[in-house]
file start_13.txt (compact mmCIF, C-alpha atoms)
# COMPACT_ATOMS: atom_id res chain seq x y z
CA MET A 1395 33.69 18.80 -11.72
CA VAL A 1396 37.11 19.62 -13.24
CA GLN A 1397 36.13 23.29 -13.45
CA TRP A 1398 35.02 23.29 -9.82
CA LEU A 1399 38.31 21.72 -8.74
CA SER A 1400 40.25 24.31 -10.71
CA GLN A 1401 38.34 27.01 -8.84
CA GLY A 1402 39.35 25.57 -5.49
CA VAL A 1403 36.33 23.40 -4.73
CA SER A 1404 37.61 20.13 -3.26
CA VAL A 1405 36.29 16.64 -3.83
CA ALA A 1406 35.44 16.54 -0.12
CA GLY A 1407 33.46 19.75 -0.47
CA VAL A 1408 31.40 18.34 -3.34
CA ALA A 1409 30.87 15.08 -1.44
CA GLU A 1410 29.73 16.97 1.64
CA GLY A 1411 27.21 18.90 -0.43
CA PHE A 1412 25.76 15.67 -1.83
CA PHE A 1413 25.77 14.11 1.63
CA TRP A 1414 23.74 16.87 3.29
CA ALA A 1415 21.37 17.24 0.35
CA SER A 1416 20.53 13.52 0.31
CA ALA A 1417 20.31 13.41 4.11
CA ALA A 1418 17.87 16.33 4.07
CA VAL A 1419 15.60 14.59 1.55
CA LEU A 1420 15.64 11.34 3.49
CA PHE A 1421 14.89 13.14 6.74
CA TYR A 1422 11.97 14.95 5.13
CA VAL A 1423 10.50 11.78 3.63
CA TYR A 1424 10.61 9.69 6.80
CA VAL A 1425 10.40 12.29 9.58
CA GLY A 1426 9.69 15.80 8.34
CA TYR A 1427 6.59 15.02 6.27
CA PRO A 1428 4.87 12.94 9.00
CA LEU A 1429 5.69 15.60 11.59
CA LEU A 1430 4.22 18.30 9.35
CA LEU A 1431 1.04 16.25 8.98
CA LEU A 1432 0.89 15.78 12.74
CA VAL A 1433 1.10 19.53 13.33
CA LEU A 1434 -1.54 20.33 10.70
CA ALA A 1435 -3.88 17.59 11.95
CA ALA A 1436 -3.71 19.03 15.48
CA PHE A 1437 -5.64 22.10 14.25
CA VAL A 1438 -8.43 20.08 12.61
CA PRO A 1439 -11.31 18.77 14.76
CA HIS A 1440 -11.36 14.96 14.77
CA ARG A 1441 -14.80 13.57 13.86
CA ARG A 1442 -15.54 9.89 13.48
CA ALA A 1443 -18.44 8.65 11.41
CA ARG A 1444 -21.36 7.58 13.58
CA LEU A 1445 -22.32 3.96 13.04
CA LEU A 1446 -25.60 3.69 11.15
CA ALA A 1447 -28.56 1.54 12.08
CA ASP A 1448 -29.29 -1.46 9.84
CA ASP A 1449 -32.08 0.27 7.93
CA ARG A 1450 -29.85 3.23 7.07
CA LEU A 1451 -26.84 1.29 5.83
CA PRO A 1452 -26.36 1.34 2.03
CA PRO A 1453 -26.60 -1.89 -0.01
CA LEU A 1454 -23.03 -3.20 -0.18
CA SER A 1455 -21.23 -5.61 -2.49
CA ILE A 1456 -17.95 -7.12 -1.35
CA LEU A 1457 -15.74 -8.23 -4.23
CA ILE A 1458 -13.05 -10.83 -3.49
CA ALA A 1459 -10.43 -11.30 -6.21
CA ALA A 1460 -9.07 -14.85 -6.28
CA TYR A 1461 -6.65 -16.84 -8.38
CA ASN A 1462 -6.07 -20.49 -7.37
CA GLU A 1463 -7.17 -19.91 -3.78
CA GLU A 1464 -8.63 -23.34 -3.03
CA GLY A 1465 -6.85 -23.36 0.31
CA ASN A 1466 -8.37 -20.07 1.48
CA ILE A 1467 -11.56 -19.22 -0.38
CA GLY A 1468 -13.98 -21.39 1.59
CA LYS A 1469 -12.90 -19.95 4.93
CA LYS A 1470 -12.91 -16.43 3.50
CA ILE A 1471 -16.51 -16.75 2.30
CA GLN A 1472 -17.63 -18.13 5.67
CA GLU A 1473 -15.94 -15.28 7.55
CA THR A 1474 -17.42 -12.70 5.17
CA LEU A 1475 -20.98 -14.01 5.57
CA ALA A 1476 -20.52 -13.85 9.36
CA LEU A 1477 -19.59 -10.14 9.34
CA ASP A 1478 -21.93 -7.73 11.13
CA TYR A 1479 -23.84 -6.30 8.17
CA PRO A 1480 -27.57 -6.69 7.36
CA PRO A 1481 -27.88 -9.88 5.25
CA ASP A 1482 -30.50 -8.30 2.99
CA ARG A 1483 -28.10 -5.44 2.19
CA MET A 1484 -24.94 -7.43 1.37
CA GLU A 1485 -23.77 -9.62 -1.46
CA VAL A 1486 -20.45 -11.45 -1.92
CA LEU A 1487 -18.93 -11.76 -5.39
CA ILE A 1488 -15.93 -14.02 -5.88
CA LEU A 1489 -13.93 -12.82 -8.88
CA SER A 1490 -12.10 -15.88 -10.14
CA ASP A 1491 -9.31 -14.81 -12.48
CA ALA A 1492 -9.62 -17.98 -14.59
CA SER A 1493 -8.50 -20.17 -11.68
CA THR A 1494 -7.23 -23.63 -12.62
CA ASP A 1495 -7.69 -25.34 -9.25
CA ARG A 1496 -10.83 -26.03 -7.14
CA THR A 1497 -11.52 -22.37 -6.33
CA ASP A 1498 -14.61 -22.15 -8.56
CA SER A 1499 -16.17 -25.42 -7.40
CA ILE A 1500 -15.71 -24.43 -3.75
CA VAL A 1501 -17.51 -21.15 -4.37
CA ARG A 1502 -20.35 -22.94 -6.18
CA SER A 1503 -20.80 -25.26 -3.20
CA PHE A 1504 -22.16 -22.38 -1.10
CA THR A 1505 -25.96 -22.30 -1.18
CA ASP A 1506 -26.33 -18.89 0.46
CA PRO A 1507 -28.00 -16.63 -2.18
CA ARG A 1508 -25.68 -13.78 -1.23
CA VAL A 1509 -22.67 -15.63 -2.68
CA ARG A 1510 -22.03 -15.44 -6.41
CA LEU A 1511 -19.17 -16.56 -8.61
CA LEU A 1512 -17.98 -14.39 -11.45
CA ARG A 1513 -15.37 -16.26 -13.48
CA MET A 1514 -13.17 -14.36 -15.91
CA LYS A 1515 -13.01 -15.83 -19.42
CA GLU A 1516 -9.25 -15.36 -19.47
CA ARG A 1517 -6.65 -14.44 -16.91
CA ARG A 1518 -6.14 -10.69 -17.06
CA GLY A 1519 -5.34 -9.73 -13.48
CA LYS A 1520 -6.98 -8.23 -10.43
CA THR A 1521 -7.88 -4.81 -11.84
CA HIS A 1522 -9.69 -6.31 -14.83
CA ALA A 1523 -11.58 -8.68 -12.52
CA GLN A 1524 -12.63 -5.75 -10.34
CA ASN A 1525 -13.86 -3.81 -13.37
CA GLU A 1526 -16.03 -6.78 -14.34
CA GLY A 1527 -17.21 -7.25 -10.78
CA VAL A 1528 -18.41 -3.68 -10.41
CA ARG A 1529 -20.43 -4.03 -13.61
CA ALA A 1530 -22.09 -7.17 -12.26
CA CYS A 1531 -22.70 -6.18 -8.63
CA ARG A 1532 -25.81 -4.55 -7.17
CA GLY A 1533 -24.57 -2.57 -4.17
CA ALA A 1534 -24.47 1.21 -3.94
CA VAL A 1535 -21.13 0.77 -2.16
CA VAL A 1536 -18.49 -1.67 -3.42
CA ALA A 1537 -15.84 -3.06 -1.05
CA PHE A 1538 -12.72 -4.88 -2.23
CA SER A 1539 -10.95 -7.68 -0.39
CA ASP A 1540 -8.38 -10.43 -0.88
CA ALA A 1541 -8.90 -14.13 -0.25
CA THR A 1542 -6.38 -14.24 2.61
CA THR A 1543 -7.56 -11.16 4.51
CA ILE A 1544 -9.39 -11.47 7.83
CA TYR A 1545 -11.84 -8.63 8.60
CA HIS A 1546 -12.87 -7.27 11.97
CA PRO A 1547 -16.55 -8.23 12.53
CA LEU A 1548 -17.67 -4.59 12.23
CA ALA A 1549 -15.33 -3.66 9.37
CA LEU A 1550 -18.01 -3.34 6.66
CA ARG A 1551 -20.30 -1.36 8.95
CA TYR A 1552 -17.47 1.04 9.76
CA LEU A 1553 -16.65 1.52 6.06
CA ALA A 1554 -20.26 2.01 4.96
CA SER A 1555 -21.18 4.45 7.74
CA ASN A 1556 -18.77 7.03 6.29
CA TYR A 1557 -20.94 7.34 3.18
CA GLN A 1558 -23.61 9.23 5.11
CA GLU A 1559 -21.44 12.22 4.20
CA PRO A 1560 -22.19 13.01 0.49
CA ALA A 1561 -18.68 14.40 -0.10
CA VAL A 1562 -17.07 11.02 0.64
CA GLY A 1563 -16.37 9.03 -2.52
CA ALA A 1564 -14.11 6.27 -1.19
CA VAL A 1565 -13.18 4.85 2.22
CA SER A 1566 -10.10 2.83 3.15
CA GLY A 1567 -9.77 0.48 6.07
CA ARG A 1568 -6.58 -0.28 7.98
CA TYR A 1569 -3.99 -3.01 7.45
CA GLN A 1570 -2.69 -4.90 10.44
CA TYR A 1571 -0.04 -7.45 9.54
CA PHE A 1572 0.81 -10.46 11.69
CA ASP A 1573 3.51 -13.11 11.58
CA PRO A 1574 1.73 -16.23 12.90
CA ASP A 1575 4.75 -18.36 13.77
CA GLY A 1576 7.44 -15.68 13.99
CA ARG A 1577 9.41 -17.18 11.10
CA SER A 1578 9.11 -14.40 8.52
CA PRO A 1579 12.54 -12.77 7.93
CA THR A 1580 10.81 -9.44 7.28
CA GLY A 1581 7.87 -9.89 9.66
CA SER A 1582 8.70 -7.32 12.34
CA GLY A 1583 9.80 -4.85 9.69
CA THR A 1584 6.52 -5.27 7.80
CA ILE A 1585 4.47 -4.77 10.96
CA ALA A 1586 6.44 -1.69 12.04
CA PHE A 1587 6.36 -0.10 8.58
CA TRP A 1588 2.61 -0.50 8.08
CA ASN A 1589 1.84 0.82 11.55
CA TYR A 1590 3.86 3.87 10.53
CA GLU A 1591 1.96 4.09 7.21
CA ASN A 1592 -1.39 3.85 8.99
CA LEU A 1593 -0.40 6.76 11.22
CA ILE A 1594 0.37 8.88 8.16
CA LYS A 1595 -2.99 8.00 6.60
CA THR A 1596 -4.74 8.96 9.83
CA PHE A 1597 -3.20 12.45 9.71
CA GLN A 1598 -3.91 12.87 5.98
CA SER A 1599 -7.55 11.92 6.44
CA ARG A 1600 -8.04 14.32 9.36
CA ILE A 1601 -6.63 17.22 7.39
CA LYS A 1602 -8.58 16.65 4.16
CA THR A 1603 -8.16 13.44 2.15
CA ILE A 1604 -5.88 10.45 1.75
CA THR A 1605 -4.48 9.70 -1.70
CA GLY A 1606 -4.30 5.91 -1.62
CA CYS A 1607 -6.18 3.05 0.00
CA CYS A 1608 -5.25 -0.27 1.60
CA GLY A 1609 -5.67 -2.81 -1.18
CA CYS A 1610 -7.29 -5.60 0.83
CA ILE A 1611 -9.87 -3.39 2.56
CA TYR A 1612 -11.23 -0.35 0.77
CA SER A 1613 -14.51 0.74 -0.73
CA VAL A 1614 -15.93 3.19 -3.25
CA ARG A 1615 -19.33 4.47 -4.26
CA ARG A 1616 -20.41 2.38 -7.21
CA ASP A 1617 -21.38 5.45 -9.24
CA VAL A 1618 -17.93 6.96 -8.56
CA TYR A 1619 -15.98 3.87 -9.64
CA THR A 1620 -13.83 4.31 -12.75
CA ASP A 1621 -12.83 1.48 -15.10
CA LEU A 1622 -9.03 1.16 -15.09
CA PRO A 1623 -6.53 -0.45 -17.49
CA ASP A 1624 -5.38 -3.94 -16.50
CA ASN A 1625 -1.83 -2.84 -15.59
CA ILE A 1626 -2.96 -0.12 -13.15
CA ILE A 1627 -3.05 -0.72 -9.39
CA SER A 1628 -6.60 0.00 -8.34
CA ASP A 1629 -6.17 0.78 -4.63
CA LEU A 1630 -4.01 3.80 -5.51
CA VAL A 1631 -5.66 5.03 -8.70
CA GLN A 1632 -9.33 4.38 -7.87
CA PRO A 1633 -9.24 6.86 -4.94
CA LEU A 1634 -7.31 9.34 -7.07
CA TRP A 1635 -10.12 9.24 -9.65
CA ALA A 1636 -12.60 9.86 -6.83
CA ILE A 1637 -10.57 12.94 -5.88
CA LYS A 1638 -10.52 14.09 -9.52
CA LYS A 1639 -14.32 13.85 -9.50
CA GLY A 1640 -14.51 16.15 -6.46
CA TYR A 1641 -14.85 13.63 -3.62
CA ARG A 1642 -12.90 13.05 -0.43
CA VAL A 1643 -11.22 9.76 0.41
CA VAL A 1644 -11.43 8.81 4.08
CA PHE A 1645 -9.22 6.57 6.22
CA GLU A 1646 -11.37 4.58 8.65
CA ASP A 1647 -8.95 3.12 11.16
CA ARG A 1648 -11.66 1.12 12.96
CA ALA A 1649 -12.25 -0.97 9.82
CA LEU A 1650 -9.46 -3.43 10.51
CA ALA A 1651 -8.09 -6.07 8.13
CA ASN A 1652 -5.58 -8.64 9.36
CA GLU A 1653 -3.14 -9.92 6.76
CA GLU A 1654 -0.34 -12.45 7.16
CA THR A 1655 3.17 -11.29 6.32
CA THR A 1656 5.03 -12.96 3.48
CA GLN A 1657 7.20 -15.85 4.64
CA SER A 1658 10.37 -15.16 2.66
CA THR A 1659 12.42 -12.16 1.59
CA ALA A 1660 12.10 -13.25 -2.05
CA GLU A 1661 8.29 -13.26 -1.84
CA GLU A 1662 8.27 -9.82 -0.23
CA PHE A 1663 10.68 -8.40 -2.79
CA SER A 1664 8.74 -9.80 -5.75
CA MET A 1665 5.44 -8.54 -4.36
CA ARG A 1666 6.81 -5.04 -3.69
CA VAL A 1667 8.30 -4.77 -7.19
CA ARG A 1668 4.94 -5.63 -8.72
CA VAL A 1669 3.02 -3.25 -6.45
CA VAL A 1670 5.37 -0.27 -6.88
CA SER A 1671 5.65 -0.75 -10.65
CA ARG A 1672 1.87 -0.73 -11.01
CA ALA A 1673 1.65 2.25 -8.65
CA ILE A 1674 4.10 4.29 -10.74
CA LEU A 1675 2.13 3.57 -13.92
CA GLY A 1676 -1.07 4.32 -12.05
CA LEU A 1677 0.11 7.71 -10.89
CA LEU A 1678 1.28 8.56 -14.40
CA SER A 1679 -2.24 7.80 -15.63
CA VAL A 1680 -3.60 10.65 -13.46
CA ALA A 1681 -0.53 12.89 -13.77
CA GLU A 1682 -2.60 16.08 -13.66
CA LEU A 1683 -3.02 15.52 -9.91
CA LEU A 1684 0.70 16.25 -9.58
CA ASN A 1685 0.09 19.82 -10.75
CA PRO A 1686 0.33 22.01 -7.60
CA LEU A 1687 -1.43 24.89 -9.35
CA LYS A 1688 -4.62 22.85 -9.76
CA HIS A 1689 -4.44 20.34 -6.92
CA SER A 1690 -2.12 21.87 -4.35
CA TRP A 1691 -2.79 19.63 -1.33
CA VAL A 1692 -3.10 16.40 -3.31
CA ALA A 1693 0.02 17.16 -5.36
CA PHE A 1694 1.93 17.90 -2.16
CA GLN A 1695 0.92 14.55 -0.67
CA LEU A 1696 1.70 12.58 -3.82
CA LEU A 1697 5.12 14.17 -4.25
CA SER A 1698 6.02 13.78 -0.57
CA HIS A 1699 4.57 10.35 0.11
CA LYS A 1700 4.81 8.59 -3.26
CA VAL A 1701 7.28 10.10 -5.72
CA LEU A 1702 10.01 10.87 -3.19
CA ARG A 1703 9.44 7.50 -1.51
CA TRP A 1704 10.09 5.70 -4.79
CA LEU A 1705 13.29 7.74 -5.23
CA VAL A 1706 14.58 7.03 -1.70
CA PRO A 1707 17.00 4.28 -2.89
CA VAL A 1708 18.70 6.81 -5.17
CA PHE A 1709 19.24 9.17 -2.24
CA LEU A 1710 20.43 6.28 -0.06
CA LEU A 1711 23.08 5.39 -2.65
CA VAL A 1712 24.19 9.02 -2.91
CA LEU A 1713 24.34 9.28 0.88
CA PHE A 1714 26.46 6.14 1.18
CA ALA A 1715 28.82 7.02 -1.67
CA SER A 1716 29.39 10.61 -0.53
CA ASN A 1717 29.87 9.43 3.05
CA ALA A 1718 32.48 6.93 1.84
CA VAL A 1719 34.51 9.80 0.41
CA LEU A 1720 34.17 11.82 3.62
CA ALA A 1721 35.08 8.84 5.84
CA ALA A 1722 38.72 8.98 4.76
CA GLU A 1723 39.56 11.07 7.83
CA PRO A 1724 38.58 10.18 11.44
CA GLY A 1725 35.63 12.10 12.84
CA ALA A 1726 31.86 12.36 12.66
CA PHE A 1727 31.67 11.34 9.00
CA ARG A 1728 33.69 8.19 9.70
CA LEU A 1729 31.25 7.28 12.49
CA LEU A 1730 28.21 7.92 10.25
CA PHE A 1731 29.71 5.76 7.52
CA ASP A 1732 30.39 2.94 9.99
CA LEU A 1733 26.78 3.13 11.21
CA GLN A 1734 25.48 2.92 7.65
CA ALA A 1735 27.73 -0.02 6.89
CA LEU A 1736 26.61 -1.78 10.07
CA PHE A 1737 22.95 -1.22 9.14
CA TYR A 1738 23.36 -2.77 5.69
CA LEU A 1739 25.52 -5.58 7.07
CA SER A 1740 22.80 -6.49 9.57
CA ALA A 1741 20.30 -6.69 6.68
CA LEU A 1742 22.64 -9.04 4.78
CA LEU A 1743 23.13 -11.21 7.85
CA ALA A 1744 19.37 -11.41 8.35
CA VAL A 1745 19.06 -12.73 4.77
CA GLY A 1746 21.69 -15.44 5.08
CA LEU A 1747 21.22 -16.44 8.73
CA PRO A 1748 18.13 -16.98 10.91
CA MET A 1749 19.24 -14.14 13.16
CA GLY A 1750 15.85 -12.46 13.03
CA ARG A 1751 14.41 -15.39 14.94
CA TRP A 1752 16.85 -14.75 17.78
CA TRP A 1753 16.51 -10.97 17.83
CA ARG A 1754 13.45 -9.63 16.00
CA PRO A 1755 14.71 -6.02 15.53
CA LEU A 1756 17.14 -7.37 12.91
CA THR A 1757 14.19 -7.88 10.56
CA VAL A 1758 13.62 -4.10 10.41
CA PRO A 1759 16.84 -3.28 8.48
CA LEU A 1760 16.11 -6.23 6.19
CA TYR A 1761 12.59 -5.02 5.43
CA PHE A 1762 13.82 -1.45 4.87
CA CYS A 1763 16.44 -2.65 2.39
CA THR A 1764 14.00 -5.02 0.68
CA LEU A 1765 11.45 -2.24 0.31
CA ASN A 1766 13.92 0.19 -1.22
CA ALA A 1767 15.66 -2.35 -3.43
CA ALA A 1768 12.22 -3.22 -4.81
CA ALA A 1769 11.46 0.47 -5.39
CA LEU A 1770 14.72 0.90 -7.32
CA MET A 1771 14.02 -2.15 -9.47
CA SER A 1772 10.49 -0.91 -10.08
CA VAL A 1773 11.64 2.49 -11.32
CA ILE A 1774 14.20 0.84 -13.60
CA GLY A 1775 11.62 -1.67 -14.81
CA VAL A 1776 9.05 1.00 -15.64
CA LEU A 1777 11.67 3.01 -17.55
CA ARG A 1778 12.48 -0.15 -19.53
CA GLY A 1779 8.82 -0.82 -20.30
CA ARG A 1780 8.22 -3.67 -17.82
CA ARG A 1781 4.52 -4.22 -17.03
CA TYR A 1782 2.85 -6.34 -14.32
CA VAL A 1783 -0.77 -7.41 -14.81
CA VAL A 1784 -1.38 -10.81 -13.20
CA TRP A 1785 -0.26 -12.10 -9.81
CA GLU A 1786 0.76 -15.44 -8.33
CA THR A 1787 -0.72 -16.82 -5.11
CA VAL A 1788 2.13 -17.33 -2.64
CA ARG A 1789 0.20 -18.27 0.54
CA ARG A 1790 -1.92 -21.36 0.94

call {"tool": "encode", "arguments": {"input": "start_13.txt", "output": "structure tokens"}}
result
Amino acid sequence: MVQWLSQGVSVAGVAEGFFWASAAVLFYVYVGYPLLLLVLAAFVPHRRARLLADDRLPPLSILIAAYNEEGNIGKKIQETLALDYPPDRMEVLILSDASTDRTDSIVRSFTDPRVRLLRMKERRGKTHAQNEGVRACRGAVVAFSDATTIYHPLALRYLASNYQEPAVGAVSGRYQYFDPDGRSPTGSGTIAFWNYENLIKTFQSRIKTITGCCGCIYSVRRDVYTDLPDNIISDLVQPLWAIKKGYRVVFEDRALANEETTQSTAEEFSMRVRVVSRAILGLLSVAELLNPLKHSWVAFQLLSHKVLRWLVPVFLLVLFASNAVLAAEPGAFRLLFDLQALFYLSALLAVGLPMGRWWRPLTVPLYFCTLNAAALMSVIGVLRGRRYVVWETVRR
């Protein structure tokens, strides 16, 4: 820096360079990449899987991971049994991660032969429970769900019908979040963000393959499933292993899963830190997919949609700091700095005051900041050796 200054390069000049570089990356991540996918997808014919008749649907096992879900598990089992899928071709396995409440006894109270309880000997987390569940299940297709997720009646049929194409190794459904009483401080932000994410997955799937599934509604061929370490997030890494084995991963937007938003900023932040930390470790476990010489399209997606996303908070900090230097003089940079400051101030106000209940758009800045603060903490945590294996139930 001293050498640059001695050569006539001003502090403002350096700050402006950092400002435009960080702005360009942020624009690409949130706007440029989705627009590029949109353009590419426009040249690919859109074909939906035709729904199969009952006698052509594959045997399917739905695995529901649960830890202390006594308040939800009974209703979840009832809703699952009522889904439109041939009863003789479906089984429901509840994977109790050594629950300490009434979860297990509630599951055992069901007399339907399709319902089975698989209790873990010790609490080792969702991925371990899924590994055990796949070993114990009978279906040719395995679907994964959470105890709080509500499926569209045809969701399983939509997922399974995609497997009539031999090249398909895994199929993801679609998240749709809802805020039942409008009290979640990040509710509108969560809904808006995941609608945006679903749009990106739609484009990725039309072009070739998606690179990550929706955790509460996705499926995989049983003979394609790969055992994963306990600290790896399965809904990202399981489809990546399917890709490594030569299969496509499809996004089936008609297979809808409704999930309630978290009800506090702290819950959302904690959940996102755990998810992103496990995702980073998961991607590192299949790092060869980041090699553009071997996996050009997949590497491009992972770098654009995962790696750069996790680094967004770094670029946001650089953007803000460089803009602060440039805001010393009146003009466009001063206006941009004021807009940034207003954005972050609105997020802080939404944390401390119930302003989001009066004007819902205020929850969007809060969710954006929560998401990126969690990403920053996740990156730092992974670098420091932090690992997340088990989870805590936050909704009852």

call {"tool": "closest_residue", "arguments": {"input": "start_13.txt", "among": "A:Ala1476, A:Ala1459, A:Val1643, A:Leu1684", "to": "Arg1600 (chain A)", "atoms": "all atoms listed in the file"}}
result
A:Val1643

call {"tool": "atom_distance", "arguments": {"input": "start_13.txt", "atom1": "CA of Ile1637 (chain A)", "atom2": "CA of Ser1664 (chain A)"}}
result
29.8 Å

call {"tool": "residues_around", "arguments": {"input": "start_13.txt", "residues": "region 1689-1693 of chain A", "least_positions_apart": "6", "cutoff": "9 Å", "atoms": "only C-alpha atoms", "output": "list in words"}}
result
Lys1602, Thr1603, Ile1604, Thr1605, Ile1637, Glu1682 and Leu1683 of chain A

call {"tool": "closest_residue", "arguments": {"input": "start_13.txt", "among": "A:Phe1645, A:Leu1777, A:Leu1711, A:Pro1724", "to": "Ser1671 (chain A)", "atoms": "all atoms listed in the file"}}
result
A:Leu1777

call {"tool": "closest_residue", "arguments": {"input": "start_13.txt", "among": "A:Arg1508, A:Phe1413, A:Phe1663, A:Pro1439", "to": "Phe1731 (chain A)", "atoms": "all atoms listed in the file"}}
result
A:Phe1413

call {"tool": "closest_residue", "arguments": {"input": "start_13.txt", "among": "A:Pro1686, A:Pro1633, A:Gly1407, A:Pro1623", "to": "Arg1518 (chain A)", "atoms": "only C-alpha atoms"}}
result
A:Pro1623
